[in-house]
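Participant: Here you go, work18.cif (mmCIF, C-alpha atoms):
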```cif
data_model
#
loop_
_atom_site.label_atom_id
_atom_site.label_comp_id
_atom_site.auth_asym_id
_atom_site.auth_seq_id
_atom_site.Cartn_x
_atom_site.Cartn_y
_atom_site.Cartn_z
CA MET G 3 -26.77 -7.34 42.64
CA GLY G 4 -27.00 -11.03 41.89
CA PHE G 5 -27.40 -10.17 38.21
CA LEU G 6 -23.63 -9.70 38.08
CA THR G 7 -23.00 -13.41 38.69
CA GLU G 8 -25.16 -14.14 35.64
CA GLU G 9 -23.15 -11.64 33.64
CA ILE G 10 -19.90 -13.30 34.75
CA GLU G 11 -21.21 -16.71 33.66
CA GLU G 12 -22.00 -15.25 30.26
CA LEU G 13 -18.46 -13.83 30.04
CA LYS G 14 -17.09 -17.30 30.82
CA LYS G 15 -19.17 -18.83 28.01
CA ARG G 16 -17.77 -16.24 25.62
CA GLY G 17 -14.20 -17.08 26.68
CA ILE G 18 -13.33 -13.60 27.94
CA TYR G 19 -13.25 -14.23 31.68
CA SER G 20 -10.50 -15.82 33.75
CA PRO G 21 -10.84 -16.56 37.47
CA THR G 22 -7.07 -16.13 37.83
CA GLN G 23 -5.63 -12.64 37.59
CA THR G 24 -2.37 -12.43 35.66
CA THR G 25 0.04 -11.07 38.27
CA LEU G 26 3.67 -10.08 37.79
CA ASP G 27 6.01 -11.27 40.53
CA THR G 28 8.90 -9.30 38.99
CA PRO G 29 9.25 -5.93 37.25
CA GLN G 30 7.95 -5.57 33.68
CA VAL G 31 10.92 -7.11 31.85
CA PRO G 32 11.21 -9.40 28.78
CA GLU G 33 11.72 -12.52 30.92
CA ALA G 34 9.40 -12.08 33.88
CA VAL G 35 7.80 -14.23 36.55
CA VAL G 36 4.01 -14.33 36.18
CA ASN G 37 1.86 -16.16 38.74
CA GLY G 38 5.03 -17.85 39.99
CA LYS G 39 6.15 -19.06 36.55
CA LYS G 40 9.03 -17.70 34.47
CA VAL G 41 7.79 -16.61 31.03
CA VAL G 42 8.85 -14.59 28.00
CA VAL G 43 6.57 -11.54 27.85
CA MET G 44 5.20 -11.01 24.33
CA CYS G 45 2.09 -8.98 25.16
CA SER G 46 3.21 -5.81 26.93
CA ASN G 47 3.31 -2.31 25.44
CA ASN G 48 6.68 -1.58 27.08
CA TYR G 49 8.24 -1.10 23.64
CA LEU G 50 11.69 0.10 24.69
CA GLY G 51 11.94 -1.39 28.16
CA LEU G 52 11.93 2.03 29.80
CA THR G 53 9.77 0.90 32.74
CA VAL G 54 12.93 -0.34 34.46
CA HIS G 55 15.52 1.99 32.94
CA ARG G 56 18.04 3.30 35.47
CA LYS G 57 17.72 6.95 34.40
CA LEU G 58 13.95 6.96 34.84
CA LYS G 59 14.17 5.32 38.26
CA GLU G 60 16.81 7.79 39.40
CA ALA G 61 14.69 10.74 38.23
CA ALA G 62 11.63 9.37 40.03
CA LEU G 63 13.52 8.83 43.28
CA LYS G 64 15.05 12.30 43.19
CA ALA G 65 11.68 13.93 42.52
CA THR G 66 10.07 12.04 45.39
CA GLU G 67 12.74 13.25 47.79
CA GLU G 68 12.42 16.85 46.61
CA TRP G 69 8.68 17.13 45.93
CA GLY G 70 6.94 14.38 47.92
CA VAL G 71 4.74 11.53 46.71
CA GLY G 72 1.66 13.42 45.50
CA ALA G 73 0.53 16.67 43.90
CA GLY G 74 -2.19 17.31 46.47
CA ALA G 75 -4.74 19.01 44.20
CA VAL G 76 -6.20 19.24 40.72
CA ARG G 77 -4.12 21.20 38.22
CA PRO G 78 -6.32 24.34 37.93
CA ILE G 79 -6.27 24.96 41.70
CA ILE G 80 -2.83 24.32 43.20
CA GLY G 81 -1.81 20.93 41.79
CA THR G 82 0.52 22.22 39.08
CA MET G 83 4.15 21.80 40.08
CA ARG G 84 7.18 23.06 38.20
CA LEU G 85 7.79 19.47 37.05
CA HIS G 86 4.39 19.36 35.32
CA VAL G 87 5.15 22.57 33.46
CA GLU G 88 8.59 21.28 32.45
CA LEU G 89 7.08 18.01 31.22
CA GLU G 90 4.57 19.85 29.04
CA GLU G 91 7.31 22.04 27.60
CA ARG G 92 9.44 18.99 26.83
CA LEU G 93 6.50 17.16 25.23
CA ALA G 94 5.70 20.11 22.98
CA LYS G 95 9.29 20.23 21.77
CA PHE G 96 9.34 16.44 21.33
CA LYS G 97 6.14 16.49 19.24
CA GLY G 98 7.10 19.59 17.27
CA THR G 99 4.14 21.64 18.51
CA GLU G 100 3.66 24.96 20.25
CA SER G 101 2.18 23.52 23.42
CA SER G 102 1.01 20.38 25.22
CA LEU G 103 -1.30 19.45 28.09
CA VAL G 104 -0.83 16.37 30.29
CA PHE G 105 -3.76 14.22 31.46
CA VAL G 106 -3.74 11.45 34.06
CA ALA G 107 -4.28 8.80 31.35
CA GLY G 108 -4.61 8.40 27.60
CA ILE G 109 -8.30 7.54 27.91
CA ALA G 110 -8.83 10.81 29.80
CA ALA G 111 -7.04 12.78 27.08
CA ASN G 112 -9.20 11.30 24.31
CA ARG G 113 -12.50 11.54 26.15
CA GLY G 114 -11.89 15.04 27.42
CA THR G 115 -10.67 16.45 24.12
CA ILE G 116 -13.42 14.99 21.94
CA GLN G 117 -16.15 16.12 24.33
CA ALA G 118 -14.70 19.62 24.61
CA LEU G 119 -14.13 20.25 20.89
CA VAL G 120 -17.32 18.80 19.35
CA PRO G 121 -19.85 19.04 22.19
CA THR G 122 -23.12 19.89 20.43
CA ALA G 123 -25.58 18.30 18.02
CA GLU G 124 -24.51 20.95 15.51
CA ASP G 125 -21.02 19.40 15.37
CA ALA G 126 -19.79 16.25 13.61
CA VAL G 127 -17.12 13.71 14.50
CA ILE G 128 -15.79 11.24 11.94
CA SER G 129 -13.94 8.19 13.28
CA ASP G 130 -12.14 5.18 11.77
CA GLN G 131 -14.04 1.96 12.48
CA LEU G 132 -11.00 0.35 14.14
CA ASN G 133 -10.12 3.24 16.45
CA HIS G 134 -9.15 2.56 20.06
CA ALA G 135 -11.83 2.08 22.72
CA SER G 136 -10.97 5.41 24.34
CA ILE G 137 -11.84 7.21 21.09
CA ILE G 138 -15.04 5.20 20.76
CA ASP G 139 -16.00 6.18 24.31
CA GLY G 140 -15.25 9.84 23.62
CA VAL G 141 -17.37 9.76 20.48
CA ARG G 142 -20.25 8.11 22.35
CA LEU G 143 -20.15 10.71 25.11
CA THR G 144 -20.44 13.72 22.82
CA LYS G 145 -23.73 14.99 21.38
CA ALA G 146 -22.14 15.52 17.96
CA ARG G 147 -23.36 13.68 14.87
CA ARG G 148 -21.29 10.52 14.47
CA PHE G 149 -19.86 9.08 11.29
CA ILE G 150 -17.78 5.89 11.14
CA TYR G 151 -15.72 5.27 8.01
CA LYS G 152 -14.36 1.93 6.83
CA HIS G 153 -10.88 1.23 8.13
CA ASN G 154 -8.29 3.40 6.37
CA ASP G 155 -10.72 3.80 3.44
CA MET G 156 -10.29 7.30 2.06
CA GLU G 157 -13.24 7.04 -0.31
CA ASP G 158 -15.51 6.21 2.61
CA LEU G 159 -13.98 9.01 4.67
CA GLU G 160 -14.77 11.44 1.86
CA ARG G 161 -18.36 10.14 1.79
CA CYS G 162 -18.66 10.91 5.51
CA LEU G 163 -17.17 14.36 5.04
CA LYS G 164 -19.70 15.16 2.33
CA GLU G 165 -22.55 14.04 4.58
CA ALA G 166 -21.19 16.12 7.46
CA GLN G 167 -21.11 19.37 5.48
CA GLY G 168 -23.11 22.08 7.19
CA ALA G 169 -21.96 21.06 10.67
CA ARG G 170 -20.62 23.81 12.91
CA ARG G 171 -17.35 21.89 13.40
CA ILE G 172 -16.09 18.67 11.79
CA MET G 173 -13.48 16.54 13.57
CA ILE G 174 -11.67 13.63 11.90
CA ILE G 175 -10.07 11.31 14.43
CA THR G 176 -7.90 8.25 13.84
CA ASP G 177 -5.36 6.04 15.53
CA GLY G 178 -1.85 6.65 14.21
CA VAL G 179 -0.85 3.01 14.72
CA PHE G 180 -3.81 0.68 15.16
CA SER G 181 -3.41 -1.27 18.36
CA MET G 182 -4.82 -4.61 17.17
CA ASP G 183 -3.52 -4.94 13.60
CA GLY G 184 -0.37 -2.81 13.72
CA ASP G 185 -1.07 -0.91 10.51
CA ILE G 186 -0.57 2.84 10.15
CA ALA G 187 -3.20 5.44 9.25
CA PRO G 188 -2.64 7.33 5.96
CA LEU G 189 -2.32 10.73 7.63
CA PRO G 190 -1.28 12.67 4.48
CA GLU G 191 -4.43 11.60 2.63
CA ILE G 192 -6.57 12.37 5.69
CA ALA G 193 -5.00 15.83 5.96
CA ASP G 194 -5.73 16.48 2.28
CA LEU G 195 -9.40 15.57 2.73
CA ALA G 196 -9.63 17.66 5.90
CA ASP G 197 -8.35 20.69 3.99
CA LYS G 198 -10.77 20.04 1.15
CA TYR G 199 -13.85 19.79 3.38
CA GLY G 200 -13.02 22.21 6.19
CA ALA G 201 -12.43 19.65 8.94
CA PHE G 202 -9.80 19.52 11.67
CA THR G 203 -7.72 16.46 12.51
CA MET G 204 -6.74 14.50 15.60
CA VAL G 205 -4.50 11.44 15.85
CA ASP G 206 -4.13 9.00 18.75
CA ASP G 207 -0.39 8.29 18.70
CA ALA G 208 -0.31 5.97 21.71
CA HIS G 209 1.38 3.11 19.84
CA ALA G 210 3.65 5.34 17.73
CA SER G 211 5.52 7.07 20.57
CA GLY G 212 8.98 5.58 20.86
CA VAL G 213 8.36 3.64 17.65
CA LEU G 214 7.87 5.90 14.60
CA GLY G 215 9.21 9.28 13.52
CA LYS G 216 12.28 11.25 14.55
CA ASN G 217 13.41 10.06 18.00
CA GLY G 218 10.19 8.05 18.19
CA SER G 219 8.04 11.18 18.22
CA GLY G 220 5.14 9.64 16.30
CA THR G 221 3.23 9.39 13.05
CA VAL G 222 3.06 13.12 12.29
CA SER G 223 6.86 13.17 12.29
CA HIS G 224 6.92 9.84 10.41
CA TYR G 225 4.96 11.46 7.56
CA ASN G 226 6.68 14.87 7.91
CA LEU G 227 3.32 16.59 8.44
CA LYS G 228 4.39 19.32 10.85
CA GLY G 229 2.07 22.28 10.36
CA ARG G 230 -0.54 20.19 8.52
CA TRP G 231 -1.95 18.15 11.41
CA ASP G 232 -3.99 19.83 14.12
CA ILE G 233 -4.01 17.67 17.27
CA GLN G 234 -1.67 14.92 18.47
CA MET G 235 -2.73 12.77 21.39
CA GLY G 236 -0.24 10.42 23.01
CA THR G 237 0.43 8.35 26.08
CA LEU G 238 3.23 8.43 28.63
CA SER G 239 3.04 4.69 29.21
CA LYS G 240 3.92 2.33 26.34
CA GLY G 241 7.04 3.69 24.60
CA ILE G 242 7.64 6.31 27.30
CA GLY G 243 7.37 3.63 29.98
CA VAL G 244 5.60 5.53 32.77
CA LEU G 245 1.96 6.71 33.05
CA GLY G 246 -0.40 9.30 31.60
CA GLY G 247 -1.68 10.88 28.42
CA TYR G 248 -1.31 14.23 26.69
CA ILE G 249 -2.55 16.49 23.93
CA ALA G 250 -0.07 18.42 21.77
CA GLY G 251 -0.94 21.23 19.39
CA PRO G 252 -1.35 25.02 19.23
CA LYS G 253 -1.29 26.99 22.48
CA TYR G 254 -4.87 28.15 21.99
CA LEU G 255 -5.92 24.47 21.94
CA THR G 256 -4.29 23.64 25.27
CA ASP G 257 -5.47 26.95 26.77
CA PHE G 258 -9.03 25.97 25.86
CA LEU G 259 -8.75 22.38 27.07
CA ARG G 260 -7.25 23.50 30.36
CA TYR G 261 -10.67 24.92 31.29
CA GLN G 262 -13.04 22.78 29.20
CA ALA G 263 -11.69 19.19 29.29
CA ARG G 264 -13.41 17.73 32.33
CA PRO G 265 -10.97 14.84 32.96
CA PHE G 266 -8.19 17.44 33.22
CA LEU G 267 -10.24 19.79 35.39
CA PHE G 268 -11.32 17.20 37.92
CA SER G 269 -8.32 14.88 38.27
CA THR G 270 -5.51 15.28 40.79
CA ALA G 271 -2.22 15.91 39.01
CA HIS G 272 0.41 13.25 38.45
CA PRO G 273 2.76 12.46 41.34
CA PRO G 274 6.09 14.29 40.97
CA ALA G 275 7.91 10.98 40.43
CA VAL G 276 5.78 10.25 37.36
CA ALA G 277 6.40 13.67 35.82
CA ALA G 278 10.14 13.46 36.45
CA ALA G 279 10.42 9.96 35.02
CA CYS G 280 8.54 11.07 31.88
CA ILE G 281 10.94 13.98 31.40
CA ALA G 282 13.87 11.58 31.76
CA ALA G 283 12.30 9.26 29.18
CA ILE G 284 11.95 12.05 26.62
CA ASP G 285 15.54 13.14 27.25
CA LEU G 286 16.59 9.54 26.70
CA LEU G 287 14.63 9.19 23.44
CA GLU G 288 16.35 12.28 22.06
CA SER G 289 19.80 10.87 22.88
CA GLU G 290 22.10 8.44 21.09
CA GLU G 291 21.11 5.74 23.57
CA GLY G 292 17.45 6.30 22.75
CA GLN G 293 18.09 5.82 19.04
CA LYS G 294 19.90 2.57 19.79
CA LEU G 295 16.87 1.35 21.76
CA ILE G 296 14.54 2.22 18.87
CA ASP G 297 16.89 0.50 16.40
CA ARG G 298 16.93 -2.60 18.61
CA LEU G 299 13.13 -2.61 18.74
CA TRP G 300 12.91 -2.57 14.95
CA ASN G 301 15.67 -5.17 14.51
CA ASN G 302 13.84 -7.49 16.91
CA THR G 303 10.56 -6.80 15.12
CA ARG G 304 11.94 -7.62 11.68
CA TYR G 305 13.58 -10.81 12.97
CA PHE G 306 10.54 -12.03 14.89
CA GLN G 307 8.00 -11.24 12.19
CA GLY G 308 10.26 -12.66 9.49
CA LYS G 309 10.57 -15.99 11.31
CA LEU G 310 6.81 -16.12 11.87
CA ARG G 311 6.17 -15.60 8.17
CA GLU G 312 8.66 -18.37 7.36
CA LEU G 313 6.53 -20.65 9.55
CA GLY G 314 3.46 -19.77 7.52
CA PHE G 315 1.76 -17.26 9.82
CA ASP G 316 -0.30 -14.47 8.29
CA LEU G 317 0.61 -11.22 10.06
CA TRP G 318 -2.14 -9.29 8.30
CA LYS G 319 -1.24 -5.67 7.45
CA THR G 320 1.13 -4.83 10.29
CA LYS G 321 3.82 -2.25 9.60
CA THR G 322 4.93 -1.92 13.23
CA PRO G 323 6.07 -4.07 16.18
CA ILE G 324 2.41 -4.98 16.90
CA THR G 325 2.16 -8.54 15.59
CA PRO G 326 -1.28 -10.08 14.97
CA LEU G 327 -1.17 -13.83 14.39
CA ILE G 328 -3.75 -15.21 11.96
#
```
Can the structure from this file be put into structure tokens for me?

Facilitator:
Amino acid sequence: MGFLTEEIEELKKRGIYSPTQTTLDTPQVPEAVVNGKKVVVMCSNNYLGLTVHRKLKEAALKATEEWGVGAGAVRPIIGTMRLHVELEERLAKFKGTESSLVFVAGIAANRGTIQALVPTAEDAVISDQLNHASIIDGVRLTKARRFIYKHNDMEDLERCLKEAQGARRIMIITDGVFSMDGDIAPLPEIADLADKYGAFTMVDDAHASGVLGKNGSGTVSHYNLKGRWDIQMGTLSKGIGVLGGYIAGPKYLTDFLRYQARPFLFSTAHPPAVAAACIAAIDLLESEEGQKLIDRLWNNTRYFQGKLRELGFDLWKTKTPITPLI
């Protein structure tokens, strides 16, 4: 396998390889110690600082004492604990949907859902050109016809929808908040086009949870689109501060995915501590303290981005705490 050393050398030439792994010597906090040096962390996705919140840690410790450290099986066999069911019920309420289904990671949720819903060459999937890598992977893994529309360009999306007519199923998928540029997808316009051309919609809300919408519940809430958007995907890391991914939508959707989404079928369930900490995080977001944390995030964002603009930096089209420097 000596070819890998050649590949590594090529990565070095392209400036995307470092021989030193960035290692935290402290918890994930704003002022952390990395590789033995104290730094201000500006690159995490720990939006609200929940990774070290007392209530989440207490919930995780209690669950470990009561339930043990692992689930011991995949969900469809005997890996589903009461905590997993409670988490899915809480997520559905949080997202304003009938049901939800938890995956081990966001990438698993995207891959599994796309593959399950548009699996054949008779289907079509239409994706924004700047969508997250997990969406790109899911699109690549399906046999459906693939259409990529220019970023947030509704005219180009409509062109793709016209070309996709005749497909058995047509999925439109977009990030809610785009993870590199920080801009927000125009979900109302996408929903209008989906209605017009008989498509169904899916949004990756990974970077909107804890950031946008009522109690930080995401872009569908931000745009007040309840009942007009089909599928909401989200993560339990980032704003939630723990680990995992999920799909929220109608019960018939999660019933179907429970037996057709391969990453769900063949992955051992989350440890009880993870499920309990996620429940505590959602409870926190829906409280007065949670709103204060979200307000602090946005106050810090406005201050930081305002000062950068005063210094002459171009922050591109960001509308969120994600801050690209150009």

Participant: For Leu227 of chain G, which residue among G:Lys97, G:Arg311, G:Pro326, G:Thr320 is the nearest when counting all atoms listed in the file?

Facilitator: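 Under the stated criterion, the closest residue is G:Lys97.
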
Participant: Between atom CA of Tyr151 of chain G and atom CA of Leu214 of chain G, what is the distance, to one decimal in Å?

Facilitator: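 Spanning atom CA of Tyr151 of chain G to atom CA of Leu214 of chain G is a straight-line distance of 24.5 Å.
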
Participant: Starting from the PyMOL selection byres ((chain G and resi 164) around 12), expand the selection into actual residues of this file and give them as a ChimeraX atom specification.

Facilitator: /G:126,128,149,157-163,165-169,172,195-196,198-201

Participant: Counting all atoms listed in the file, find the residues whose atoms lie at most 12 Å from (-3.5, 18.8, 47.2) (file coordinates) and write them out as a count of residues only.

Facilitator: 19

Participant: On this structure, which residues satisfy the PyMOL selection byres ((chain G and resi 132) around 8), written as a list in words?

Facilitator: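 Answer for the PyMOL selection byres ((chain G and resi 132) around 8): Asp130, Gln131, Asn133, His134, His153 and Phe180 of chain G.
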
Participant: With the PyMOL selection byres ((chain G and resi 145) around 12) as the selection, what would be picked from this file? Answer as a list of chain:residue names, please.

Facilitator: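 In the shown coordinates, the PyMOL selection byres ((chain G and resi 145) around 12) covers G:Ile116, G:Gln117, G:Ala118, G:Leu119, G:Val120, G:Pro121, G:Thr122, G:Ala123, G:Glu124, G:Asp125, G:Ala126, G:Val127, G:Gly140, G:Val141, G:Arg142, G:Leu143, G:Thr144, G:Ala146, G:Arg147, G:Arg148.
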
Participant: For atom CA of Thr303 of chain G and atom CA of Thr322 of chain G, determine how far apart the two atoms are, in Å to one decimal place.

Facilitator: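 Computed distance, atom CA of Thr303 of chain G to atom CA of Thr322 of chain G, equals 7.7 Å.
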